[in-house]
Amino acid sequence: MAPPNSLRTLRRAAGAALDAVLPPQCLSCRAPVDRQRPLCAACWSEIDFITDALCEICGTPFEFDAGDNALCAACIAEPAVRAPLLADAAASAGVSVMPDLLVRTKPTPSQAGRNWRARADNIRGSFALRPGRAQRIAGRRVILADDVLTSGATVAACAKVLLRGGAAAVDVLTLAQVVRPVPVGD
């Protein structure tokens with residue numbers, strides 16, 4: 001094992017090389033930042049963290065406290081896909097990591113600018129279980145990780161493939177979720 005100082009030096013050199021190839025910038029506004037990180041201070045301060053009054057399954061925030069174990073309309077309509085909060089999923093994660101469990105079967109155009117139905121249509125049939133992997137998930141709970149949950153169409157398509165492949169349940173773990181305000185009538 002390399003001494004700790006050697007590891008620090010190696011990390012610094014790798015960081016400098018990365019900064020030279022990909023100058024550090026905010027992933028949201030593209031402003032320059034002092035080192036590789038996801039967001040600049042201004043964008044970070046604009047994040048509304050979801051803490052209370054949220055759907056028990058997917059974490060979508062409610063405008064008001066709907067009580068314990070409340071579900072949003074989408075989770076009531078599509079109960080097969082569960083998306084626990086990060087801490088809940090992390091606590092139950094005594095599972096093997098299988099980053100190559102699913103394969104993309106066809107290229108798809110960008111999901112940007114599409115509503116939920118169009119996103120679901122665009123992604124339908126785009127994923128399959130990698131051959132030989134069904135026995136590894138048969139009867140097991142699978143955690144599907146995604147960086148940002150926008151409409152849920154992609155994770156729903158992947159979850160359906162996993163459930164058809166024999167998974168007992170599919171939990172979705174995301175680091176961020178796009179939340180759009182629901183228009184309120186007059």
# chains A, B, ... in the order shown; residues from 1 in each chain; ligands from 1
>>> residues_around(residues="range 137-151 of chain A", least_positions_apart="3", cutoff="6 Å", atoms="only C-alpha atoms", output="PyMOL selection string")
chain A and resi 116+134+166-178
>>> write_last_selection(atoms="C-alpha atoms", output="mmCIF file, in the first residue's frame")
data_model
loop_
_atom_site.group_PDB
_atom_site.id
_atom_site.type_symbol
_atom_site.label_atom_id
_atom_site.label_comp_id
_atom_site.auth_asym_id
_atom_site.auth_seq_id
_atom_site.Cartn_x
_atom_site.Cartn_y
_atom_site.Cartn_z
ATOM 1 C CA TRP A 116 -44.252 12.347 -19.424
ATOM 2 C CA ALA A 134 -31.853 -12.999 -14.413
ATOM 3 C CA GLY A 166 -37.818 -11.829 -11.851
ATOM 4 C CA ALA A 167 -36.976 -9.094 -9.326
ATOM 5 C CA ALA A 168 -39.273 -9.170 -6.295
ATOM 6 C CA ALA A 169 -39.307 -5.366 -6.018
ATOM 7 C CA VAL A 170 -37.514 -2.364 -7.483
ATOM 8 C CA ASP A 171 -36.534 0.656 -5.391
ATOM 9 C CA VAL A 172 -35.281 3.771 -7.158
ATOM 10 C CA LEU A 173 -32.423 5.744 -5.629
ATOM 11 C CA THR A 174 -31.825 9.251 -6.970
ATOM 12 C CA LEU A 175 -29.647 12.117 -5.847
ATOM 13 C CA ALA A 176 -31.960 14.802 -7.213
ATOM 14 C CA GLN A 177 -35.529 15.080 -8.408
ATOM 15 C CA VAL A 178 -37.004 17.703 -10.699
#
>>> select_by_dssp(residues="range 119-174 of chain A", states="helix (DSSP H, G or I)", output="PyMOL selection string")
chain A and resi 119-123+134-137+153-164
>>> write_last_selection(atoms="C-alpha atoms", output="tab-separated table (two decimals), in the first residue's frame")
chain	number	residue	atom	x	y	z
A	119	ARG	CA	-40.85	10.45	-22.65
A	120	ALA	CA	-42.40	7.05	-21.88
A	121	ASP	CA	-43.11	6.44	-25.59
A	122	ASN	CA	-39.57	7.54	-26.52
A	123	ILE	CA	-37.90	5.18	-24.03
A	134	ALA	CA	-31.85	-13.00	-14.41
A	135	GLN	CA	-30.72	-15.59	-11.89
A	136	ARG	CA	-28.87	-12.88	-9.90
A	137	ILE	CA	-32.05	-10.85	-9.35
A	153	ALA	CA	-40.20	7.51	-17.50
A	154	THR	CA	-36.70	6.03	-17.76
A	155	VAL	CA	-36.68	4.48	-14.29
A	156	ALA	CA	-40.21	3.16	-14.87
A	157	ALA	CA	-39.09	1.47	-18.10
A	158	CYS	CA	-36.01	-0.01	-16.38
A	159	ALA	CA	-38.06	-1.14	-13.36
A	160	LYS	CA	-40.53	-2.95	-15.61
A	161	VAL	CA	-37.66	-4.83	-17.27
A	162	LEU	CA	-36.27	-5.82	-13.86
A	163	LEU	CA	-39.67	-6.94	-12.55
A	164	ARG	CA	-40.33	-8.98	-15.71
>>> atom_distance(atom1="CA of Val179 in chain A", atom2="CA of Ser110 in chain A")
19.4 Å
>>> residues_around(residues="Cys40 in chain A", least_positions_apart="5", cutoff="10 Å", atoms="only C-alpha atoms", output="list in words")
Pro24, Gln25, Cys26, Leu27, Ser28, Cys29, Arg30, Ala31, Pro32, Val33, Asp34, Arg35 and Ser45 of chain A
>>> write_last_selection(atoms="N, CA and C atoms", output="PDB file, in the first residue's frame")
ATOM      1  N   PRO A  24     -12.855  23.217 -14.437  1.00  0.00           N
ATOM      2  CA  PRO A  24     -13.967  23.085 -13.500  1.00  0.00           C
ATOM      3  C   PRO A  24     -15.020  24.159 -13.714  1.00  0.00           C
ATOM      4  N   GLN A  25     -16.256  23.691 -13.839  1.00  0.00           N
ATOM      5  CA  GLN A  25     -17.372  24.609 -14.020  1.00  0.00           C
ATOM      6  C   GLN A  25     -18.621  24.045 -13.366  1.00  0.00           C
ATOM      7  N   CYS A  26     -19.529  24.932 -13.011  1.00  0.00           N
ATOM      8  CA  CYS A  26     -20.787  24.543 -12.389  1.00  0.00           C
ATOM      9  C   CYS A  26     -21.610  23.750 -13.398  1.00  0.00           C
ATOM     10  N   LEU A  27     -22.181  22.636 -12.964  1.00  0.00           N
ATOM     11  CA  LEU A  27     -22.987  21.822 -13.864  1.00  0.00           C
ATOM     12  C   LEU A  27     -24.312  22.485 -14.224  1.00  0.00           C
ATOM     13  N   SER A  28     -24.737  23.464 -13.445  1.00  0.00           N
ATOM     14  CA  SER A  28     -26.012  24.117 -13.702  1.00  0.00           C
ATOM     15  C   SER A  28     -25.865  25.340 -14.610  1.00  0.00           C
ATOM     16  N   CYS A  29     -25.036  26.300 -14.183  1.00  0.00           N
ATOM     17  CA  CYS A  29     -24.936  27.560 -14.941  1.00  0.00           C
ATOM     18  C   CYS A  29     -23.673  27.664 -15.771  1.00  0.00           C
ATOM     19  N   ARG A  30     -22.766  26.695 -15.639  1.00  0.00           N
ATOM     20  CA  ARG A  30     -21.495  26.619 -16.365  1.00  0.00           C
ATOM     21  C   ARG A  30     -20.488  27.693 -15.947  1.00  0.00           C
ATOM     22  N   ALA A  31     -20.727  28.372 -14.828  1.00  0.00           N
ATOM     23  CA  ALA A  31     -19.773  29.360 -14.319  1.00  0.00           C
ATOM     24  C   ALA A  31     -18.513  28.647 -13.863  1.00  0.00           C
ATOM     25  N   PRO A  32     -17.350  29.272 -14.010  1.00  0.00           N
ATOM     26  CA  PRO A  32     -16.117  28.645 -13.532  1.00  0.00           C
ATOM     27  C   PRO A  32     -16.154  28.495 -12.004  1.00  0.00           C
ATOM     28  N   VAL A  33     -15.618  27.402 -11.519  1.00  0.00           N
ATOM     29  CA  VAL A  33     -15.489  27.171 -10.080  1.00  0.00           C
ATOM     30  C   VAL A  33     -14.034  26.868  -9.779  1.00  0.00           C
ATOM     31  N   ASP A  34     -13.660  26.942  -8.495  1.00  0.00           N
ATOM     32  CA  ASP A  34     -12.251  26.792  -8.144  1.00  0.00           C
ATOM     33  C   ASP A  34     -11.737  25.360  -8.239  1.00  0.00           C
ATOM     34  N   ARG A  35     -12.636  24.368  -8.163  1.00  0.00           N
ATOM     35  CA  ARG A  35     -12.220  22.968  -8.319  1.00  0.00           C
ATOM     36  C   ARG A  35     -13.423  22.148  -8.784  1.00  0.00           C
ATOM     37  N   SER A  45     -26.941  27.576  -3.413  1.00  0.00           N
ATOM     38  CA  SER A  45     -27.832  28.309  -2.497  1.00  0.00           C
ATOM     39  C   SER A  45     -29.267  28.372  -3.016  1.00  0.00           C
TER      40      SER A  45
END
>>> closest_residue(among="A:Val103, A:Ala41, A:Ala74, A:Ala13", to="Ile57 in chain A", atoms="only C-alpha atoms")
A:Ala74
>>> select_by_dssp(residues="range 2-184 of chain A", states="strand (DSSP E or B)", output="JSON, numbers by chain")
{"A": [25, 32, 54, 61, 82, 102, 103, 104, 127, 128, 129, 141, 142, 143, 144, 145, 146, 147, 148, 149, 169, 170, 171, 172, 173, 174, 175, 176, 177]}
>>> atom_distance(atom1="CA of Ala90 in chain A", atom2="CA of Cys58 in chain A")
14.9 Å
>>> atom_distance(atom1="CA of Thr60 in chain A", atom2="CA of Gly152 in chain A")
11.5 Å
>>> residues_around(residues="Leu71 in chain A", least_positions_apart="4", cutoff="10 Å", atoms="only C-alpha atoms", output="ChimeraX atom specification")
/A:54-60,62,66-67,75-77,79
>>> write_last_selection(atoms="N, CA and C atoms", output="compact mmCIF listing (two decimals), in the first residue's frame")
# COMPACT_ATOMS: atom_id res chain seq x y z
N LEU A 54 -43.91 15.04 2.23
CA LEU A 54 -43.60 14.46 0.94
C LEU A 54 -44.22 13.08 0.80
N CYS A 55 -44.32 12.64 -0.46
CA CYS A 55 -44.88 11.32 -0.77
C CYS A 55 -43.99 10.24 -0.14
N GLU A 56 -44.61 9.32 0.53
CA GLU A 56 -43.90 8.23 1.22
C GLU A 56 -43.09 7.37 0.24
N ILE A 57 -43.53 7.26 -1.01
CA ILE A 57 -42.87 6.38 -1.97
C ILE A 57 -41.81 7.10 -2.79
N CYS A 58 -42.18 8.19 -3.45
CA CYS A 58 -41.24 8.82 -4.40
C CYS A 58 -40.56 10.07 -3.88
N GLY A 59 -41.04 10.62 -2.78
CA GLY A 59 -40.40 11.80 -2.22
C GLY A 59 -40.85 13.11 -2.83
N THR A 60 -41.87 13.10 -3.69
CA THR A 60 -42.37 14.35 -4.25
C THR A 60 -42.96 15.19 -3.12
N PHE A 62 -45.24 17.76 -1.01
CA PHE A 62 -46.62 18.26 -1.01
C PHE A 62 -46.60 19.73 -0.60
N ALA A 66 -49.74 16.19 4.33
CA ALA A 66 -50.81 15.25 4.02
C ALA A 66 -50.86 14.11 5.02
N GLY A 67 -50.05 14.16 6.05
CA GLY A 67 -50.07 13.13 7.07
C GLY A 67 -49.05 12.03 6.79
N CYS A 75 -47.90 7.89 -7.61
CA CYS A 75 -47.57 6.64 -6.93
C CYS A 75 -48.81 5.80 -6.66
N ILE A 76 -49.94 6.45 -6.48
CA ILE A 76 -51.20 5.70 -6.36
C ILE A 76 -51.52 5.03 -7.69
N ALA A 77 -51.28 5.75 -8.79
CA ALA A 77 -51.59 5.22 -10.12
C ALA A 77 -50.61 4.16 -10.59
N PRO A 79 -48.11 1.89 -8.69
CA PRO A 79 -47.46 1.44 -7.46
C PRO A 79 -46.29 0.48 -7.65
>>> decode(residues="range 131-175 of chain A", atoms="N, CA and C atoms", output="PDB file, in the first residue's frame")
ATOM      1  N   PRO A 131     -28.148 -10.605 -20.771  1.00  0.00           N
ATOM      2  CA  PRO A 131     -28.246 -12.065 -20.767  1.00  0.00           C
ATOM      3  C   PRO A 131     -27.416 -12.677 -19.628  1.00  0.00           C
ATOM      4  N   GLY A 132     -28.006 -13.648 -18.964  1.00  0.00           N
ATOM      5  CA  GLY A 132     -27.331 -14.335 -17.881  1.00  0.00           C
ATOM      6  C   GLY A 132     -27.462 -13.674 -16.518  1.00  0.00           C
ATOM      7  N   ARG A 133     -28.166 -12.543 -16.439  1.00  0.00           N
ATOM      8  CA  ARG A 133     -28.278 -11.835 -15.165  1.00  0.00           C
ATOM      9  C   ARG A 133     -29.569 -12.155 -14.406  1.00  0.00           C
ATOM     10  N   ALA A 134     -30.555 -12.756 -15.054  1.00  0.00           N
ATOM     11  CA  ALA A 134     -31.853 -12.999 -14.413  1.00  0.00           C
ATOM     12  C   ALA A 134     -31.716 -13.786 -13.116  1.00  0.00           C
ATOM     13  N   GLN A 135     -30.850 -14.783 -13.095  1.00  0.00           N
ATOM     14  CA  GLN A 135     -30.719 -15.592 -11.887  1.00  0.00           C
ATOM     15  C   GLN A 135     -30.172 -14.778 -10.719  1.00  0.00           C
ATOM     16  N   ARG A 136     -29.434 -13.696 -10.991  1.00  0.00           N
ATOM     17  CA  ARG A 136     -28.868 -12.879  -9.903  1.00  0.00           C
ATOM     18  C   ARG A 136     -29.904 -11.991  -9.245  1.00  0.00           C
ATOM     19  N   ILE A 137     -31.025 -11.718  -9.936  1.00  0.00           N
ATOM     20  CA  ILE A 137     -32.047 -10.849  -9.346  1.00  0.00           C
ATOM     21  C   ILE A 137     -33.327 -11.593  -8.989  1.00  0.00           C
ATOM     22  N   ALA A 138     -33.426 -12.842  -9.371  1.00  0.00           N
ATOM     23  CA  ALA A 138     -34.655 -13.614  -9.146  1.00  0.00           C
ATOM     24  C   ALA A 138     -35.072 -13.587  -7.679  1.00  0.00           C
ATOM     25  N   GLY A 139     -36.263 -13.061  -7.425  1.00  0.00           N
ATOM     26  CA  GLY A 139     -36.816 -13.013  -6.084  1.00  0.00           C
ATOM     27  C   GLY A 139     -36.176 -12.003  -5.153  1.00  0.00           C
ATOM     28  N   ARG A 140     -35.273 -11.174  -5.678  1.00  0.00           N
ATOM     29  CA  ARG A 140     -34.551 -10.210  -4.844  1.00  0.00           C
ATOM     30  C   ARG A 140     -35.069  -8.796  -5.051  1.00  0.00           C
ATOM     31  N   ARG A 141     -34.868  -7.985  -4.052  1.00  0.00           N
ATOM     32  CA  ARG A 141     -35.184  -6.554  -4.132  1.00  0.00           C
ATOM     33  C   ARG A 141     -33.997  -5.870  -4.819  1.00  0.00           C
ATOM     34  N   VAL A 142     -34.272  -5.064  -5.844  1.00  0.00           N
ATOM     35  CA  VAL A 142     -33.224  -4.411  -6.625  1.00  0.00           C
ATOM     36  C   VAL A 142     -33.314  -2.910  -6.403  1.00  0.00           C
ATOM     37  N   ILE A 143     -32.167  -2.279  -6.196  1.00  0.00           N
ATOM     38  CA  ILE A 143     -32.119  -0.818  -6.098  1.00  0.00           C
ATOM     39  C   ILE A 143     -31.578  -0.299  -7.419  1.00  0.00           C
ATOM     40  N   LEU A 144     -32.379   0.496  -8.097  1.00  0.00           N
ATOM     41  CA  LEU A 144     -32.026   1.100  -9.378  1.00  0.00           C
ATOM     42  C   LEU A 144     -31.565   2.523  -9.100  1.00  0.00           C
ATOM     43  N   ALA A 145     -30.311   2.834  -9.418  1.00  0.00           N
ATOM     44  CA  ALA A 145     -29.758   4.161  -9.134  1.00  0.00           C
ATOM     45  C   ALA A 145     -29.802   5.031 -10.386  1.00  0.00           C
ATOM     46  N   ASP A 146     -30.233   6.274 -10.201  1.00  0.00           N
ATOM     47  CA  ASP A 146     -30.273   7.257 -11.284  1.00  0.00           C
ATOM     48  C   ASP A 146     -29.821   8.588 -10.700  1.00  0.00           C
ATOM     49  N   ASP A 147     -29.116   9.390 -11.491  1.00  0.00           N
ATOM     50  CA  ASP A 147     -28.625  10.651 -10.946  1.00  0.00           C
ATOM     51  C   ASP A 147     -29.746  11.657 -10.692  1.00  0.00           C
ATOM     52  N   VAL A 148     -30.588  11.908 -11.702  1.00  0.00           N
ATOM     53  CA  VAL A 148     -31.673  12.884 -11.569  1.00  0.00           C
ATOM     54  C   VAL A 148     -32.965  12.265 -12.072  1.00  0.00           C
ATOM     55  N   LEU A 149     -33.996  12.307 -11.245  1.00  0.00           N
ATOM     56  CA  LEU A 149     -35.314  11.825 -11.635  1.00  0.00           C
ATOM     57  C   LEU A 149     -36.081  13.016 -12.182  1.00  0.00           C
ATOM     58  N   THR A 150     -36.390  12.983 -13.472  1.00  0.00           N
ATOM     59  CA  THR A 150     -37.111  14.091 -14.088  1.00  0.00           C
ATOM     60  C   THR A 150     -38.584  13.729 -14.161  1.00  0.00           C
ATOM     61  N   SER A 151     -38.966  12.913 -15.124  1.00  0.00           N
ATOM     62  CA  SER A 151     -40.371  12.507 -15.221  1.00  0.00           C
ATOM     63  C   SER A 151     -40.597  11.131 -14.618  1.00  0.00           C
ATOM     64  N   GLY A 152     -39.540  10.341 -14.522  1.00  0.00           N
ATOM     65  CA  GLY A 152     -39.658   8.974 -14.032  1.00  0.00           C
ATOM     66  C   GLY A 152     -39.859   7.963 -15.147  1.00  0.00           C
ATOM     67  N   ALA A 153     -39.951   8.414 -16.383  1.00  0.00           N
ATOM     68  CA  ALA A 153     -40.201   7.506 -17.505  1.00  0.00           C
ATOM     69  C   ALA A 153     -39.066   6.498 -17.686  1.00  0.00           C
ATOM     70  N   THR A 154     -37.825   6.939 -17.575  1.00  0.00           N
ATOM     71  CA  THR A 154     -36.697   6.028 -17.764  1.00  0.00           C
ATOM     72  C   THR A 154     -36.629   5.000 -16.644  1.00  0.00           C
ATOM     73  N   VAL A 155     -36.738   5.447 -15.385  1.00  0.00           N
ATOM     74  CA  VAL A 155     -36.677   4.476 -14.292  1.00  0.00           C
ATOM     75  C   VAL A 155     -37.875   3.539 -14.322  1.00  0.00           C
ATOM     76  N   ALA A 156     -39.035   4.032 -14.759  1.00  0.00           N
ATOM     77  CA  ALA A 156     -40.207   3.155 -14.865  1.00  0.00           C
ATOM     78  C   ALA A 156     -39.969   2.073 -15.907  1.00  0.00           C
ATOM     79  N   ALA A 157     -39.387   2.451 -17.047  1.00  0.00           N
ATOM     80  CA  ALA A 157     -39.095   1.467 -18.098  1.00  0.00           C
ATOM     81  C   ALA A 157     -38.074   0.443 -17.599  1.00  0.00           C
ATOM     82  N   CYS A 158     -37.039   0.903 -16.904  1.00  0.00           N
ATOM     83  CA  CYS A 158     -36.015  -0.010 -16.375  1.00  0.00           C
ATOM     84  C   CYS A 158     -36.605  -0.916 -15.300  1.00  0.00           C
ATOM     85  N   ALA A 159     -37.436  -0.347 -14.424  1.00  0.00           N
ATOM     86  CA  ALA A 159     -38.057  -1.142 -13.359  1.00  0.00           C
ATOM     87  C   ALA A 159     -38.942  -2.236 -13.935  1.00  0.00           C
ATOM     88  N   LYS A 160     -39.677  -1.929 -14.988  1.00  0.00           N
ATOM     89  CA  LYS A 160     -40.534  -2.945 -15.611  1.00  0.00           C
ATOM     90  C   LYS A 160     -39.699  -4.100 -16.161  1.00  0.00           C
ATOM     91  N   VAL A 161     -38.554  -3.779 -16.762  1.00  0.00           N
ATOM     92  CA  VAL A 161     -37.664  -4.828 -17.271  1.00  0.00           C
ATOM     93  C   VAL A 161     -37.165  -5.697 -16.115  1.00  0.00           C
ATOM     94  N   LEU A 162     -36.781  -5.071 -15.015  1.00  0.00           N
ATOM     95  CA  LEU A 162     -36.269  -5.816 -13.860  1.00  0.00           C
ATOM     96  C   LEU A 162     -37.354  -6.691 -13.235  1.00  0.00           C
ATOM     97  N   LEU A 163     -38.577  -6.154 -13.122  1.00  0.00           N
ATOM     98  CA  LEU A 163     -39.674  -6.941 -12.552  1.00  0.00           C
ATOM     99  C   LEU A 163     -40.031  -8.120 -13.455  1.00  0.00           C
ATOM    100  N   ARG A 164     -40.070  -7.878 -14.767  1.00  0.00           N
ATOM    101  CA  ARG A 164     -40.329  -8.983 -15.707  1.00  0.00           C
ATOM    102  C   ARG A 164     -39.206 -10.007 -15.669  1.00  0.00           C
ATOM    103  N   GLY A 165     -37.995  -9.556 -15.332  1.00  0.00           N
ATOM    104  CA  GLY A 165     -36.844 -10.450 -15.252  1.00  0.00           C
ATOM    105  C   GLY A 165     -36.799 -11.256 -13.965  1.00  0.00           C
ATOM    106  N   GLY A 166     -37.747 -11.017 -13.059  1.00  0.00           N
ATOM    107  CA  GLY A 166     -37.818 -11.829 -11.851  1.00  0.00           C
ATOM    108  C   GLY A 166     -37.536 -11.115 -10.546  1.00  0.00           C
ATOM    109  N   ALA A 167     -37.208  -9.819 -10.577  1.00  0.00           N
ATOM    110  CA  ALA A 167     -36.976  -9.094  -9.326  1.00  0.00           C
ATOM    111  C   ALA A 167     -38.255  -9.067  -8.500  1.00  0.00           C
ATOM    112  N   ALA A 168     -38.109  -9.204  -7.190  1.00  0.00           N
ATOM    113  CA  ALA A 168     -39.273  -9.170  -6.295  1.00  0.00           C
ATOM    114  C   ALA A 168     -39.808  -7.753  -6.147  1.00  0.00           C
ATOM    115  N   ALA A 169     -38.928  -6.772  -6.155  1.00  0.00           N
ATOM    116  CA  ALA A 169     -39.307  -5.366  -6.018  1.00  0.00           C
ATOM    117  C   ALA A 169     -38.181  -4.520  -6.592  1.00  0.00           C
ATOM    118  N   VAL A 170     -38.518  -3.295  -6.982  1.00  0.00           N
ATOM    119  CA  VAL A 170     -37.514  -2.364  -7.483  1.00  0.00           C
ATOM    120  C   VAL A 170     -37.666  -1.058  -6.719  1.00  0.00           C
ATOM    121  N   ASP A 171     -36.590  -0.644  -6.048  1.00  0.00           N
ATOM    122  CA  ASP A 171     -36.534   0.656  -5.391  1.00  0.00           C
ATOM    123  C   ASP A 171     -35.675   1.553  -6.261  1.00  0.00           C
ATOM    124  N   VAL A 172     -36.033   2.824  -6.340  1.00  0.00           N
ATOM    125  CA  VAL A 172     -35.281   3.771  -7.158  1.00  0.00           C
ATOM    126  C   VAL A 172     -34.553   4.742  -6.237  1.00  0.00           C
ATOM    127  N   LEU A 173     -33.267   4.868  -6.422  1.00  0.00           N
ATOM    128  CA  LEU A 173     -32.423   5.744  -5.629  1.00  0.00           C
ATOM    129  C   LEU A 173     -31.929   6.871  -6.522  1.00  0.00           C
ATOM    130  N   THR A 174     -32.279   8.108  -6.182  1.00  0.00           N
ATOM    131  CA  THR A 174     -31.825   9.251  -6.970  1.00  0.00           C
ATOM    132  C   THR A 174     -31.179  10.275  -6.047  1.00  0.00           C
ATOM    133  N   LEU A 175     -30.279  11.054  -6.618  1.00  0.00           N
ATOM    134  CA  LEU A 175     -29.647  12.117  -5.847  1.00  0.00           C
ATOM    135  C   LEU A 175     -30.427  13.416  -5.954  1.00  0.00           C
TER     136      LEU A 175
END
